[in-house]
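To start, the structure under review is shown below, and the notes come after it.
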Amino acid sequence: MKTKVYMVRHAETIGNIEQRLTGRADYDLTSKGILSVEKLTQKLSNIKFDAIFSSTSGRTKRTIEPLAKMNELKITQLEDLCEMYFGDYDGCKWQDVNRIHPEIKQRQNEINELSGIPNQESMTDASERMYNCIKKICNKNLGKTILICSHGVVIEGFIRKIVGIPFAEERAKFSQKNVALNILTYEDQKFTIDLLADISFLEGVIECKKH
């Protein structure tokens, strides 16, 4: 029995344009973010969803609220769909982090992984958490069409776990820009990717980096 999963990253926020580490810290959508929500809604307007999920962050819920209303569905918010927790620097601006620990950004530039932040969640643990959550959602909704809105790091980590490709490889291919759309099929306890990180429907809306 095939289960179809539409997975999207949240729209652009003030935290994104301020270049903050927006993990559990939450921020309002920008005007560009609101416009991209409209375009996402248009893109998926012909899809009949059976269940809709988001993280507990307001930015994910706001991104898919129009689609939930269109499908007359309640958004189920789950903590395990939240972004990676950036520890003591969660919500901080990168410019401030760079003054204290420049090696953190240097390491990310080299291997595409965030590490060395006091009390942070590891990218491996965040990816595993996301994978287990989505698999549980799918097993409870076999044969249905599901919409999930989450965050850049954990979506990328989830997809990389499926295909077995580490964060250091093929960065551009797996990078999840704001409102990037991924479509997957879940069957026999396995995921296959039908569409990866698509933003073609945004028609020129400028996107921010994944953090």
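Here, A, B, ... name the chains of the structure tokens in the order displayed, residue numbers run from 1 inside each chain, and ligands are numbered from 1 in the same displayed order.
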Inset, instruction - Compile the contact shell of segment 180-192 of chain A as a ChimeraX atom specification: residues with an atom at most 9 Å away, counting only C-alpha atoms, same-chain residues fewer than 5 positions apart removed. - result: /A:1-11,40,135,138-139,142-143,152,162-163,175,197-200
Keeping N, CA and C atoms for every residue in the selection just given, could you write it to a file as a CSV table (one decimal), in the first residue's frame?
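Generated output (out-v1.csv):
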chain,number,residue,atom,x,y,z
A,1,MET,N,0.8,-1.2,0.0
A,1,MET,CA,0.0,0.0,0.0
A,1,MET,C,0.9,1.3,0.0
A,2,LYS,N,0.7,2.1,-1.0
A,2,LYS,CA,1.5,3.3,-1.1
A,2,LYS,C,0.9,4.5,-0.3
A,3,THR,N,1.8,5.1,0.4
A,3,THR,CA,1.5,6.4,1.1
A,3,THR,C,2.3,7.5,0.5
A,4,LYS,N,1.6,8.6,0.1
A,4,LYS,CA,2.3,9.7,-0.5
A,4,LYS,C,2.5,10.8,0.5
A,5,VAL,N,3.8,11.3,0.6
A,5,VAL,CA,4.2,12.3,1.6
A,5,VAL,C,4.6,13.5,0.8
A,6,TYR,N,4.0,14.7,1.1
A,6,TYR,CA,4.4,16.0,0.6
A,6,TYR,C,5.0,16.7,1.8
A,7,MET,N,6.3,17.0,1.7
A,7,MET,CA,7.1,17.6,2.8
A,7,MET,C,7.6,18.9,2.3
A,8,VAL,N,7.4,20.0,3.1
A,8,VAL,CA,7.8,21.3,2.8
A,8,VAL,C,8.5,22.0,3.9
A,9,ARG,N,9.5,22.8,3.6
A,9,ARG,CA,10.1,23.6,4.6
A,9,ARG,C,9.3,24.9,4.8
A,10,HIS,N,9.3,25.4,6.0
A,10,HIS,CA,8.5,26.6,6.3
A,10,HIS,C,8.9,27.8,5.4
A,11,ALA,N,8.1,28.8,5.3
A,11,ALA,CA,8.4,30.0,4.5
A,11,ALA,C,9.4,30.9,5.2
A,40,LEU,N,2.8,28.4,-2.7
A,40,LEU,CA,2.7,27.0,-2.3
A,40,LEU,C,1.3,26.5,-2.3
A,135,LYS,N,8.3,8.2,9.8
A,135,LYS,CA,7.9,6.8,9.6
A,135,LYS,C,6.7,6.4,10.4
A,138,CYS,N,3.6,7.8,8.8
A,138,CYS,CA,3.2,7.0,7.6
A,138,CYS,C,2.6,5.7,8.0
A,139,ASN,N,3.1,5.0,9.0
A,139,ASN,CA,2.5,3.7,9.4
A,139,ASN,C,1.1,3.9,10.0
A,142,LEU,N,-1.4,4.6,6.4
A,142,LEU,CA,-1.0,3.9,5.2
A,142,LEU,C,-2.1,4.1,4.1
A,143,GLY,N,-1.6,4.3,2.9
A,143,GLY,CA,-2.5,4.4,1.8
A,143,GLY,C,-3.0,5.8,1.6
A,152,GLY,N,14.6,23.2,7.7
A,152,GLY,CA,15.6,22.9,6.8
A,152,GLY,C,16.6,21.8,7.1
A,162,ILE,N,17.6,8.6,4.2
A,162,ILE,CA,16.9,7.7,3.2
A,162,ILE,C,17.9,7.2,2.2
A,163,VAL,N,18.7,8.1,1.6
A,163,VAL,CA,19.5,7.7,0.5
A,163,VAL,C,21.0,7.4,0.9
A,175,SER,N,20.0,20.7,-0.4
A,175,SER,CA,19.7,21.9,0.4
A,175,SER,C,18.2,22.3,0.3
A,197,ALA,N,13.4,18.9,-3.1
A,197,ALA,CA,13.8,20.4,-2.9
A,197,ALA,C,13.4,21.3,-4.0
A,198,ASP,N,12.1,21.1,-4.5
A,198,ASP,CA,11.7,21.9,-5.7
A,198,ASP,C,11.2,23.3,-5.2
A,199,ILE,N,11.7,24.4,-5.9
A,199,ILE,CA,11.2,25.7,-5.6
A,199,ILE,C,10.8,26.4,-6.9
A,200,SER,N,10.7,25.6,-8.0
A,200,SER,CA,10.4,26.2,-9.3
A,200,SER,C,9.1,27.0,-9.3
Inset, instruction - Go through segment 10-44 of chain A and collect every residue that DSSP, computed from the backbone, puts in alpha helix (DSSP H); the answer should be as number ranges by chain. - result: A: 14-17, 31-43
Legend entry - Selection near segment 27-31 of chain A, 10 Å with only C-alpha atoms, sequence-local residues under 3 positions removed, as a PyMOL selection string: chain A and resi 10-17+22+24+34-37+57-60+62-63+91
Put those residues in a file: N, CA and C atoms, as a JSON list (two decimals), in the first residue's frame.
[["chain", "number", "residue", "atom", "x", "y", "z"],
["A", 10, "HIS", "N", 9.28, 25.44, 5.99],
["A", 10, "HIS", "CA", 8.49, 26.65, 6.26],
["A", 10, "HIS", "C", 8.93, 27.83, 5.39],
["A", 11, "ALA", "N", 8.08, 28.83, 5.28],
["A", 11, "ALA", "CA", 8.37, 30.04, 4.51],
["A", 11, "ALA", "C", 9.39, 30.92, 5.23],
["A", 12, "GLU", "N", 9.92, 31.87, 4.49],
["A", 12, "GLU", "CA", 10.93, 32.78, 5.03],
["A", 12, "GLU", "C", 10.43, 33.54, 6.25],
["A", 13, "THR", "N", 11.31, 33.66, 7.26],
["A", 13, "THR", "CA", 10.97, 34.37, 8.49],
["A", 13, "THR", "C", 11.94, 35.53, 8.74],
["A", 14, "ILE", "N", 11.57, 36.37, 9.69],
["A", 14, "ILE", "CA", 12.47, 37.45, 10.11],
["A", 14, "ILE", "C", 13.78, 36.87, 10.63],
["A", 15, "GLY", "N", 13.71, 35.74, 11.31],
["A", 15, "GLY", "CA", 14.92, 35.08, 11.80],
["A", 15, "GLY", "C", 15.86, 34.68, 10.66],
["A", 16, "ASN", "N", 15.29, 34.26, 9.53],
["A", 16, "ASN", "CA", 16.11, 33.91, 8.37],
["A", 16, "ASN", "C", 16.84, 35.12, 7.82],
["A", 17, "ILE", "N", 16.13, 36.22, 7.61],
["A", 17, "ILE", "CA", 16.78, 37.38, 7.00],
["A", 17, "ILE", "C", 17.74, 38.07, 7.96],
["A", 22, "THR", "N", 17.89, 29.67, 13.78],
["A", 22, "THR", "CA", 16.49, 29.54, 14.18],
["A", 22, "THR", "C", 16.11, 28.07, 14.30],
["A", 24, "ARG", "N", 14.68, 26.16, 17.76],
["A", 24, "ARG", "CA", 13.42, 26.21, 18.51],
["A", 24, "ARG", "C", 12.92, 27.64, 18.68],
["A", 34, "ILE", "N", 5.12, 35.31, 3.19],
["A", 34, "ILE", "CA", 3.66, 35.26, 2.99],
["A", 34, "ILE", "C", 3.33, 35.04, 1.52],
["A", 35, "LEU", "N", 4.08, 35.70, 0.64],
["A", 35, "LEU", "CA", 3.86, 35.51, -0.80],
["A", 35, "LEU", "C", 4.17, 34.08, -1.22],
["A", 36, "SER", "N", 5.23, 33.51, -0.65],
["A", 36, "SER", "CA", 5.58, 32.14, -1.00],
["A", 36, "SER", "C", 4.55, 31.14, -0.49],
["A", 37, "VAL", "N", 3.90, 31.45, 0.63],
["A", 37, "VAL", "CA", 2.81, 30.61, 1.12],
["A", 37, "VAL", "C", 1.67, 30.58, 0.09],
["A", 57, "SER", "N", 6.41, 24.80, 15.98],
["A", 57, "SER", "CA", 6.78, 26.19, 15.70],
["A", 57, "SER", "C", 5.69, 26.87, 14.89],
["A", 58, "GLY", "N", 5.42, 28.13, 15.22],
["A", 58, "GLY", "CA", 4.38, 28.87, 14.52],
["A", 58, "GLY", "C", 4.65, 29.04, 13.04],
["A", 59, "ARG", "N", 5.93, 29.14, 12.67],
["A", 59, "ARG", "CA", 6.26, 29.38, 11.27],
["A", 59, "ARG", "C", 5.89, 28.22, 10.36],
["A", 60, "THR", "N", 5.95, 27.01, 10.86],
["A", 60, "THR", "CA", 5.53, 25.87, 10.04],
["A", 60, "THR", "C", 4.01, 25.81, 9.92],
["A", 62, "ARG", "N", 1.90, 28.30, 10.12],
["A", 62, "ARG", "CA", 1.41, 29.39, 9.27],
["A", 62, "ARG", "C", 1.66, 29.11, 7.79],
["A", 63, "THR", "N", 2.71, 28.36, 7.49],
["A", 63, "THR", "CA", 3.03, 28.05, 6.10],
["A", 63, "THR", "C", 1.97, 27.18, 5.44],
["A", 91, "GLY", "N", 18.62, 30.90, 18.36],
["A", 91, "GLY", "CA", 18.05, 32.23, 18.23],
["A", 91, "GLY", "C", 19.08, 33.33, 18.09]]
Inset, instruction - Using DSSP on the backbone, list every residue of segment 85-196 of chain A that comes out as strand (DSSP E), and give them as a ChimeraX atom specification. - result: /A:145-150,181-187,190-196
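You will find atom CA of Lys173 of chain A at 12.7 Å from atom CA of Ile193 of chain A.
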Inset, instruction - Figure out the distance between atom CA of Ile104 of chain A and atom CA of His151 of chain A, please, to one decimal in Å. - result: 20.3 Å
Inset, instruction - Find the residue from A:Gln120, A:Ile111, A:Leu147, A:Ile47 that sits nearest to Asp88 of chain A; use only C-alpha atoms when measuring. - result: A:Gln120
